[in-house]
Structures are given as structure tokens and as C-alpha cells.
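A quick write-up on the structure given underneath.
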Amino acid sequence: MSANDRPQGQQTKQQSRTYDSAFLKACRREPVPHTPVWFMRQAGRSLPEYLKVREGIPMLESCMRPELVKEITLQPVRRHKVDAAIYFSDIVVPLKAIGIDLDIKPGVGPVVADPIRTRADLARLRDLTPEDVHYVTEAIGMLTEELGETPLIGFAGAPFTLASYLVEGGPSRSHEHTKALMYGDPQLWADLLDRLAEITSAFLKVQIEAGASAVQLFDSWVGALAPADYRRSVMPASVKVFDAVAGYGVPRIHFGVGTGELLGLMGEAGADVVGVDWRVPLDEAARRVGPGKALQGNLDPAVLFASREVVEAKTDEVLAAARDLEGHVFNLGHGVMPAMDPDALSRLVEYVHTRTAV
């Protein structure tokens, strides 16, 4: 079932309220009044108001305080006038919720105390229940009341990226332990990703049932794989996640970094929208993905550090490449960087809206 097929009567109140938004129309490949814009990592990072409310609060703790999650999620919507909000959380939140001993260390990222590398370790990955993440349901309930007709995007880490953190014990450039397990014990690897697909699916379902109008699956590290390895060893788990939430009829977005060679396969996995980083022009990405999908992207985030004239010229290049797409959601080719000028981001939203207004 695609995002176009779900009967209206099955939608939550918020999903019905946001149905005709520019963002959701673009995801469904329908005509839009302007190209919708949102930014990955838009919640916080470059905003002084974010730094103020997060001061002294560890990342994972901040993800578990509903009032704080609501405020941080709303900040970029208020300031930048983006067309969609992205729920403030982290991809390792569901792992923490089921009891995995991990922490997010400033300047490093998620660090797992006891990496998962044996079959016996799989027992530590129990089912995720809505009660485990009750704060997510509470925060989304508060958010949707304030967002009105602005859609909220839920998100989760994809099984491969979660597995990489769990197996490596933290961030890795070469993913040597991850690939050694994938190649050396393919059955254990398949079982690990299958368990993570179940956990991820449950986490996305909680967000959708609470009122999220779309979901994005982040596969941050999957660009480290060759297409054959992705198809054989990763794609089945991603398919399982997308299939698990297909019945809700909300748009499903799939994004990874450095995935130019995987774009077609990522589309095959079941997404309605394929996210594209800055390395591949959108018209070429559309050729690789094939028909029947909207695309999301893909201004190089580093461009925002250049002059206003350069930002506008590079934005025009992205919009020109997207001219013939079936549907287009404008985004950066990855995420907002901490040192970015918030005013430059606001101007970018206004510029895209103005340039693409019908």
C-alpha cells in the first residue's frame, strides 16, 4: 500500500489535518503550491534557543522529556517556517529503551558498553513496546496540537546502521567488525538485522499511531556497502520495516549518506520518497531510482557557509535538476551543521518557496 491508497477514515486527527500540506502532496507526487522544505537535523544544532534549553542536559535524557522534545521540535518551525517538523530524538533511543547499555558522548556519538557480536548477544535485543517509549507518545500528542496543519515526520535508524553501532561499539569509518560479521556469519547477521527490523518497526508504529504524518528511515552508514552486499545482506531488513508500516498509508522516506550506487535498491526496498545526498544530481538520481518515487534533497550543506549569492545560485541548480521530478522535497544533502547561520537557513526556505511558487 502506498501513501496514496489509505482510506481517509483510518487517519489520525493530525494526519487528516495535514493531508493537503505541500510536504505530503510532494511525497505523494501530487501538484504543490511550492516546493516544500525541511532540514535534516533541523531541531537545534545551529539555533541559540536550542543550546539554551539543552544546556546541562545529556542528549539521551533530552529525548525522554516530552516538554523539552516538544519545544526543540518546534523551534526550527517557528524560526525557519519549514514545511514539516522532524521529531526530536536519536536513532539509538529505541535501543536504550529496551535496556542496551549505551550513551551518546559529546563529540563522539553513540557508544555501546558491550558490543553485540555473538548469537548469545541477540537475547539482549528484546521486543520494544509502546510502554518502553511512552514519552514519545506523550511528546507527539503535545506536538500535533501545536503544529496544526504542519506535518510531523517521525523517524528511526535503519537496521544496518543500528547494527553497525551495536557491533562496532560506536561510530566507525571502516566498519571492520560489522563487515566481518556480515561476511563471516551470514545467518547470525541476518538474524541480528531481522531483530532490529522488528524493533525499528515497532518504534515507527508508535510515532505514526501518536500522530506523525510521515516517517523517515535513516541509514546513515549504509553507503559503506557495495550494491550486491546491500541487496543480499541489508535490503531484506529494510523491506521488512517499510512493509510493517505500509498499512498506515503515511509517506515513507528512505535516506542514507554516500548512497549514490544504492539509490535504485533503496527505492526497491519500499520507500515512497528516496532521499539523495549532494553527491548525485537529482535528475541523475531520478534515472537511477526509476519512476513511481518522489525524491528528497539535495543542497550540499557546506554551501550555506558561502555568500548569499552562491547559496541562491547553487539552490537554483538543485531546483533545475528537480524540474521534471514526479515529486520533490527540498532538503540539504545531509544535515544542518552546528556553526551554520540560522538566518541563512531561514532565507533559504523563503528563497525556495518564492522561486517555486505556482
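In the C-alpha cells, chains take the letters A, B, ... in the order shown, each chain's residues start at 1, and ligands count up from 1 in the order shown.
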Could you give me, as JSON lines, a per-residue list for region 201-264 of chain A showing, wherever an atom lies at most 6 Å from an atom of region 271-289 of chain A, the closest pair of atoms and their distance in Å to one decimal, using only C-alpha atoms and sorting by chain then residue number from low to high?
{"residue": "A:Pro251", "atom": "CA", "partner": "A:Asp272", "partner_atom": "CA", "distance": 5.8}
{"residue": "A:Arg252", "atom": "CA", "partner": "A:Ala271", "partner_atom": "CA", "distance": 5.1}
{"residue": "A:Ile253", "atom": "CA", "partner": "A:Val273", "partner_atom": "CA", "distance": 4.6}
{"residue": "A:His254", "atom": "CA", "partner": "A:Val274", "partner_atom": "CA", "distance": 5.1}
{"residue": "A:Phe255", "atom": "CA", "partner": "A:Gly275", "partner_atom": "CA", "distance": 4.5}
{"residue": "A:Leu263", "atom": "CA", "partner": "A:Val289", "partner_atom": "CA", "distance": 5.6}
{"residue": "A:Gly264", "atom": "CA", "partner": "A:Val289", "partner_atom": "CA", "distance": 4.1}
How about saving the chosen residues, N, CA, C and O atoms kept, as a compact mmCIF listing (two decimals), in the first residue's frame?
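Contents of result27.txt, freshly written:
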# COMPACT_ATOMS: atom_id res chain seq x y z
N PRO A 251 3.46 8.62 4.05
CA PRO A 251 4.66 8.54 3.23
C PRO A 251 5.86 8.00 4.01
O PRO A 251 6.06 8.33 5.18
N ARG A 252 6.63 7.16 3.31
CA ARG A 252 7.82 6.55 3.90
C ARG A 252 9.04 7.05 3.12
O ARG A 252 9.11 6.87 1.91
N ILE A 253 9.98 7.66 3.83
CA ILE A 253 11.18 8.24 3.22
C ILE A 253 12.38 7.38 3.61
O ILE A 253 12.48 6.92 4.75
N HIS A 254 13.28 7.18 2.66
CA HIS A 254 14.48 6.38 2.91
C HIS A 254 15.69 7.24 2.58
O HIS A 254 15.80 7.77 1.47
N PHE A 255 16.61 7.41 3.54
CA PHE A 255 17.78 8.26 3.31
C PHE A 255 19.05 7.61 3.83
O PHE A 255 19.05 7.03 4.92
N LEU A 263 20.93 3.93 -4.79
CA LEU A 263 19.65 4.64 -4.86
C LEU A 263 18.52 3.78 -5.42
O LEU A 263 17.40 3.78 -4.90
N GLY A 264 18.80 3.05 -6.49
CA GLY A 264 17.76 2.19 -7.07
C GLY A 264 17.30 1.13 -6.10
O GLY A 264 16.09 0.87 -5.95
Using only C-alpha atoms, what does the table of region 17-131 of chain A residues within 12 Å of region 185-192 of chain A look like, with each row giving the shortest atom pair and its distance in Å to one decimal, sorted by chain and ascending number, as a Markdown table?
| residue | atom | partner | partner_atom | distance |
| --- | --- | --- | --- | --- |
| A:Ile116 | CA | A:Leu192 | CA | 9.1 |
| A:Arg117 | CA | A:Leu188 | CA | 8.9 |
| A:Thr118 | CA | A:Leu188 | CA | 7.7 |
| A:Arg119 | CA | A:Leu188 | CA | 6.4 |
| A:Ala120 | CA | A:Leu188 | CA | 10.1 |
| A:Asp121 | CA | A:Leu192 | CA | 9.4 |
| A:Leu122 | CA | A:Leu192 | CA | 6.7 |
| A:Ala123 | CA | A:Leu192 | CA | 10.1 |
| A:Arg124 | CA | A:Leu192 | CA | 10.8 |
| A:Leu125 | CA | A:Leu192 | CA | 8.7 |
| A:Arg126 | CA | A:Leu192 | CA | 11.5 |
I need the chosen residues saved as a CSV table (one decimal), in the first residue's frame, with N, CA and C atoms.
chain,number,residue,atom,x,y,z
A,116,ILE,N,27.5,-6.2,20.5
A,116,ILE,CA,26.8,-7.4,20.1
A,116,ILE,C,27.5,-8.1,19.0
A,117,ARG,N,28.1,-9.3,19.2
A,117,ARG,CA,28.9,-9.9,18.2
A,117,ARG,C,28.7,-11.5,18.2
A,118,THR,N,27.9,-12.0,19.1
A,118,THR,CA,27.7,-13.4,19.2
A,118,THR,C,26.2,-13.7,19.2
A,119,ARG,N,25.9,-15.0,18.9
A,119,ARG,CA,24.5,-15.4,18.9
A,119,ARG,C,23.9,-15.2,20.3
A,120,ALA,N,24.6,-15.5,21.4
A,120,ALA,CA,24.1,-15.3,22.7
A,120,ALA,C,23.7,-13.8,23.0
A,121,ASP,N,24.4,-12.9,22.3
A,121,ASP,CA,24.2,-11.5,22.5
A,121,ASP,C,22.8,-11.1,22.0
A,122,LEU,N,22.2,-11.8,21.0
A,122,LEU,CA,20.9,-11.5,20.4
A,122,LEU,C,19.8,-11.4,21.5
A,123,ALA,N,20.0,-12.2,22.6
A,123,ALA,CA,19.0,-12.3,23.6
A,123,ALA,C,18.8,-10.9,24.3
A,124,ARG,N,19.8,-10.0,24.2
A,124,ARG,CA,19.7,-8.7,24.8
A,124,ARG,C,18.8,-7.8,24.0
A,125,LEU,N,18.4,-8.2,22.8
A,125,LEU,CA,17.6,-7.3,21.9
A,125,LEU,C,16.1,-7.8,22.0
A,126,ARG,N,15.5,-7.4,23.1
A,126,ARG,CA,14.1,-7.8,23.3
A,126,ARG,C,13.1,-7.0,22.5
Quote the spacing between CA of Val215 (chain A) and CA of Val250 (chain A) in Å to one decimal place.
->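 That distance, rounded to one decimal, is 7.3 Å.
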Would you return as number ranges by chain the members of region 210-266 of chain A that DSSP assigns to alpha helix (DSSP H) on this structure's backbone?
-> A: 210, 227-233, 235-246, 263-266
Just how far from CA of Asp101 (chain A) is CA of Thr137 (chain A), in Å to one decimal?
-> 22.9 Å
Skip Phe242 (chain A) itself and residues of its chain fewer than 5 positions away, then list as a PyMOL selection string all residues within 9 Å of it, counting only C-alpha atoms.
-> chain A and resi 201+217+237+252+269-271
Preceding selection exported with N, CA and C atoms as a PDB file, in the first residue's frame:
ATOM      1  N   SER A 201      10.504  -1.217  13.428  1.00  0.00           N
ATOM      2  CA  SER A 201       9.103  -1.160  13.006  1.00  0.00           C
ATOM      3  C   SER A 201       8.204  -0.762  14.165  1.00  0.00           C
ATOM      4  N   LEU A 217      13.347   6.679   7.390  1.00  0.00           N
ATOM      5  CA  LEU A 217      14.284   5.665   7.846  1.00  0.00           C
ATOM      6  C   LEU A 217      15.687   6.136   7.480  1.00  0.00           C
ATOM      7  N   ALA A 237      15.948  -6.603   5.483  1.00  0.00           N
ATOM      8  CA  ALA A 237      15.536  -5.999   6.751  1.00  0.00           C
ATOM      9  C   ALA A 237      14.859  -4.653   6.523  1.00  0.00           C
ATOM     10  N   ARG A 252       6.631   7.163   3.311  1.00  0.00           N
ATOM     11  CA  ARG A 252       7.822   6.555   3.904  1.00  0.00           C
ATOM     12  C   ARG A 252       9.039   7.049   3.125  1.00  0.00           C
ATOM     13  N   ALA A 269      13.365  -1.029  -1.875  1.00  0.00           N
ATOM     14  CA  ALA A 269      13.100  -1.505  -0.514  1.00  0.00           C
ATOM     15  C   ALA A 269      11.706  -1.129  -0.027  1.00  0.00           C
ATOM     16  N   GLY A 270      11.069  -0.156  -0.675  1.00  0.00           N
ATOM     17  CA  GLY A 270       9.684   0.130  -0.322  1.00  0.00           C
ATOM     18  C   GLY A 270       9.357   1.557   0.028  1.00  0.00           C
ATOM     19  N   ALA A 271      10.324   2.460  -0.091  1.00  0.00           N
ATOM     20  CA  ALA A 271      10.049   3.849   0.257  1.00  0.00           C
ATOM     21  C   ALA A 271       9.174   4.515  -0.800  1.00  0.00           C
TER      22      ALA A 271
END
Based on DSSP run over this structure's backbone, return all residues of region 145-343 of chain A in strand (DSSP E or B), as a tab-separated table (two decimals) with N, CA and C atoms, in the first residue's frame.
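What landed in result09.tsv:
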chain	number	residue	atom	x	y	z
A	152	LEU	N	4.26	16.41	10.98
A	152	LEU	CA	5.37	15.95	11.81
A	152	LEU	C	5.94	14.68	11.19
A	153	ILE	N	7.25	14.67	11.00
A	153	ILE	CA	7.93	13.49	10.46
A	153	ILE	C	8.50	12.69	11.62
A	154	GLY	N	8.10	11.43	11.72
A	154	GLY	CA	8.73	10.54	12.67
A	154	GLY	C	9.95	9.90	12.02
A	155	PHE	N	10.82	9.32	12.81
A	155	PHE	CA	11.99	8.70	12.19
A	155	PHE	C	12.56	7.60	13.06
A	156	ALA	N	13.40	6.81	12.41
A	156	ALA	CA	14.11	5.73	13.11
A	156	ALA	C	15.38	5.41	12.35
A	157	GLY	N	16.33	4.81	13.05
A	157	GLY	CA	17.53	4.32	12.40
A	157	GLY	C	17.24	3.01	11.68
A	214	ALA	N	4.32	11.35	8.50
A	214	ALA	CA	5.27	10.70	7.59
A	214	ALA	C	6.38	10.12	8.46
A	215	VAL	N	7.16	9.22	7.89
A	215	VAL	CA	8.30	8.67	8.63
A	215	VAL	C	9.51	8.60	7.71
A	216	GLN	N	10.68	8.75	8.30
A	216	GLN	CA	11.92	8.61	7.55
A	216	GLN	C	12.81	7.57	8.21
A	217	LEU	N	13.35	6.68	7.39
A	217	LEU	CA	14.28	5.67	7.85
A	217	LEU	C	15.69	6.14	7.48
A	218	PHE	N	16.50	6.41	8.51
A	218	PHE	CA	17.87	6.88	8.32
A	218	PHE	C	18.81	5.68	8.26
A	219	ASP	N	19.52	5.53	7.14
A	219	ASP	CA	20.56	4.51	7.06
A	219	ASP	C	21.90	5.21	6.86
A	252	ARG	N	6.63	7.16	3.31
A	252	ARG	CA	7.82	6.55	3.90
A	252	ARG	C	9.04	7.05	3.12
A	253	ILE	N	9.98	7.66	3.83
A	253	ILE	CA	11.18	8.24	3.22
A	253	ILE	C	12.38	7.38	3.61
A	254	HIS	N	13.28	7.18	2.66
A	254	HIS	CA	14.48	6.38	2.91
A	254	HIS	C	15.69	7.24	2.58
A	255	PHE	N	16.61	7.41	3.54
A	255	PHE	CA	17.78	8.26	3.31
A	255	PHE	C	19.05	7.61	3.83
A	256	GLY	N	20.11	7.73	3.07
A	256	GLY	CA	21.43	7.30	3.50
A	256	GLY	C	22.48	8.26	2.97
A	273	VAL	N	9.48	7.91	-0.93
A	273	VAL	CA	10.39	9.02	-1.22
A	273	VAL	C	11.81	8.55	-0.95
A	274	VAL	N	12.70	8.78	-1.90
A	274	VAL	CA	14.10	8.41	-1.73
A	274	VAL	C	14.92	9.67	-1.50
A	275	GLY	N	15.62	9.73	-0.37
A	275	GLY	CA	16.48	10.86	-0.07
A	275	GLY	C	17.80	10.74	-0.80
A	294	ALA	N	8.97	9.86	-5.34
A	294	ALA	CA	9.41	11.24	-5.16
A	294	ALA	C	10.85	11.21	-4.66
A	295	LEU	N	11.55	12.33	-4.83
A	295	LEU	CA	12.92	12.44	-4.34
A	295	LEU	C	13.02	13.57	-3.33
A	296	GLN	N	13.96	13.43	-2.43
A	296	GLN	CA	14.21	14.45	-1.41
A	296	GLN	C	15.68	14.86	-1.46
A	299	LEU	N	20.85	19.96	-1.54
A	299	LEU	CA	21.87	21.00	-1.50
A	299	LEU	C	22.99	20.58	-0.55
A	328	HIS	N	9.09	16.41	-5.43
A	328	HIS	CA	10.37	16.87	-4.88
A	328	HIS	C	10.17	17.56	-3.55
A	329	VAL	N	10.91	17.11	-2.55
A	329	VAL	CA	11.00	17.77	-1.26
A	329	VAL	C	12.41	18.32	-1.13
A	330	PHE	N	12.54	19.63	-0.97
A	330	PHE	CA	13.86	20.25	-0.88
A	330	PHE	C	14.43	20.02	0.51
A	332	LEU	N	18.63	19.63	2.59
A	332	LEU	CA	20.08	19.58	2.44
A	332	LEU	C	20.48	18.16	2.11
A	335	GLY	N	22.74	17.08	6.79
A	335	GLY	CA	22.06	17.76	7.88
A	335	GLY	C	22.62	19.13	8.17
Can you tell me, as a list in words, what residues are no more than 12 Å from Pro48 (chain A) when counting only C-alpha atoms, ignoring any on the same chain fewer than 3 positions away?
-> Ala43, Gly44, Arg45, Leu51, Lys52, Val53, Arg54, Glu55, Ile72, Gln75, Pro76, Arg79, Pro338, Ala339, Met340, Asp341, Pro342 and Asp343 of chain A
Export of prior selection with N, CA and C atoms as an mmCIF file, in the first residue's frame:
data_model
loop_
_atom_site.group_PDB
_atom_site.id
_atom_site.type_symbol
_atom_site.label_atom_id
_atom_site.label_comp_id
_atom_site.auth_asym_id
_atom_site.auth_seq_id
_atom_site.Cartn_x
_atom_site.Cartn_y
_atom_site.Cartn_z
ATOM 1 N N ALA A 43 16.270 20.258 14.110
ATOM 2 C CA ALA A 43 15.963 20.563 15.506
ATOM 3 C C ALA A 43 17.247 20.886 16.259
ATOM 4 N N GLY A 44 17.441 22.179 16.528
ATOM 5 C CA GLY A 44 18.590 22.568 17.323
ATOM 6 C C GLY A 44 19.852 22.801 16.516
ATOM 7 N N ARG A 45 20.937 22.263 17.009
ATOM 8 C CA ARG A 45 22.266 22.336 16.409
ATOM 9 C C ARG A 45 22.736 23.764 16.176
ATOM 10 N N LEU A 51 20.482 25.579 22.093
ATOM 11 C CA LEU A 51 21.605 25.446 23.018
ATOM 12 C C LEU A 51 21.204 25.867 24.426
ATOM 13 N N LYS A 52 20.336 26.861 24.514
ATOM 14 C CA LYS A 52 19.901 27.353 25.821
ATOM 15 C C LYS A 52 19.060 26.310 26.558
ATOM 16 N N VAL A 53 18.083 25.712 25.870
ATOM 17 C CA VAL A 53 17.202 24.763 26.563
ATOM 18 C C VAL A 53 17.883 23.420 26.809
ATOM 19 N N ARG A 54 18.918 23.088 26.015
ATOM 20 C CA ARG A 54 19.641 21.834 26.196
ATOM 21 C C ARG A 54 20.796 21.952 27.183
ATOM 22 N N GLU A 55 21.084 23.149 27.642
ATOM 23 C CA GLU A 55 22.263 23.370 28.477
ATOM 24 C C GLU A 55 22.227 22.478 29.719
ATOM 25 N N ILE A 72 11.975 21.698 21.424
ATOM 26 C CA ILE A 72 13.077 21.621 20.466
ATOM 27 C C ILE A 72 12.565 21.321 19.061
ATOM 28 N N GLN A 75 11.102 24.633 17.572
ATOM 29 C CA GLN A 75 11.971 25.804 17.385
ATOM 30 C C GLN A 75 12.269 26.118 15.917
ATOM 31 N N PRO A 76 12.730 25.153 15.111
ATOM 32 C CA PRO A 76 13.022 25.489 13.714
ATOM 33 C C PRO A 76 11.779 25.771 12.887
ATOM 34 N N ARG A 79 11.162 29.450 13.659
ATOM 35 C CA ARG A 79 12.181 30.365 13.143
ATOM 36 C C ARG A 79 12.284 30.322 11.624
ATOM 37 N N PRO A 338 26.359 22.598 13.164
ATOM 38 C CA PRO A 338 26.250 23.489 14.328
ATOM 39 C C PRO A 338 26.634 24.930 14.067
ATOM 40 N N ALA A 339 27.615 25.163 13.203
ATOM 41 C CA ALA A 339 28.103 26.530 13.016
ATOM 42 C C ALA A 339 27.327 27.313 11.957
ATOM 43 N N MET A 340 26.283 26.734 11.392
ATOM 44 C CA MET A 340 25.522 27.426 10.347
ATOM 45 C C MET A 340 24.798 28.649 10.906
ATOM 46 N N ASP A 341 24.651 29.637 10.055
ATOM 47 C CA ASP A 341 23.922 30.851 10.406
ATOM 48 C C ASP A 341 22.419 30.563 10.313
ATOM 49 N N PRO A 342 21.675 30.631 11.418
ATOM 50 C CA PRO A 342 20.242 30.362 11.356
ATOM 51 C C PRO A 342 19.507 31.260 10.362
ATOM 52 N N ASP A 343 19.958 32.502 10.233
ATOM 53 C CA ASP A 343 19.303 33.406 9.293
ATOM 54 C C ASP A 343 19.482 32.938 7.851
#
Which distance in Å separates CA of Lys314 (chain A) and CA of Glu350 (chain A), to one decimal?
-> 14.9 Å
Skip Val257 (chain A) itself and residues of its chain fewer than 2 positions away, then list as a ChimeraX atom specification all residues within 6 Å of it, counting only C-alpha atoms.
-> /A:220,223,259
Nearby residues (only C-alpha atoms) at most 10 Å from Ile100 (chain A), same-chain spacing under 2 positions excluded, as a PyMOL selection string = chain A and resi 92-98+102-103+112-116+124-126+166
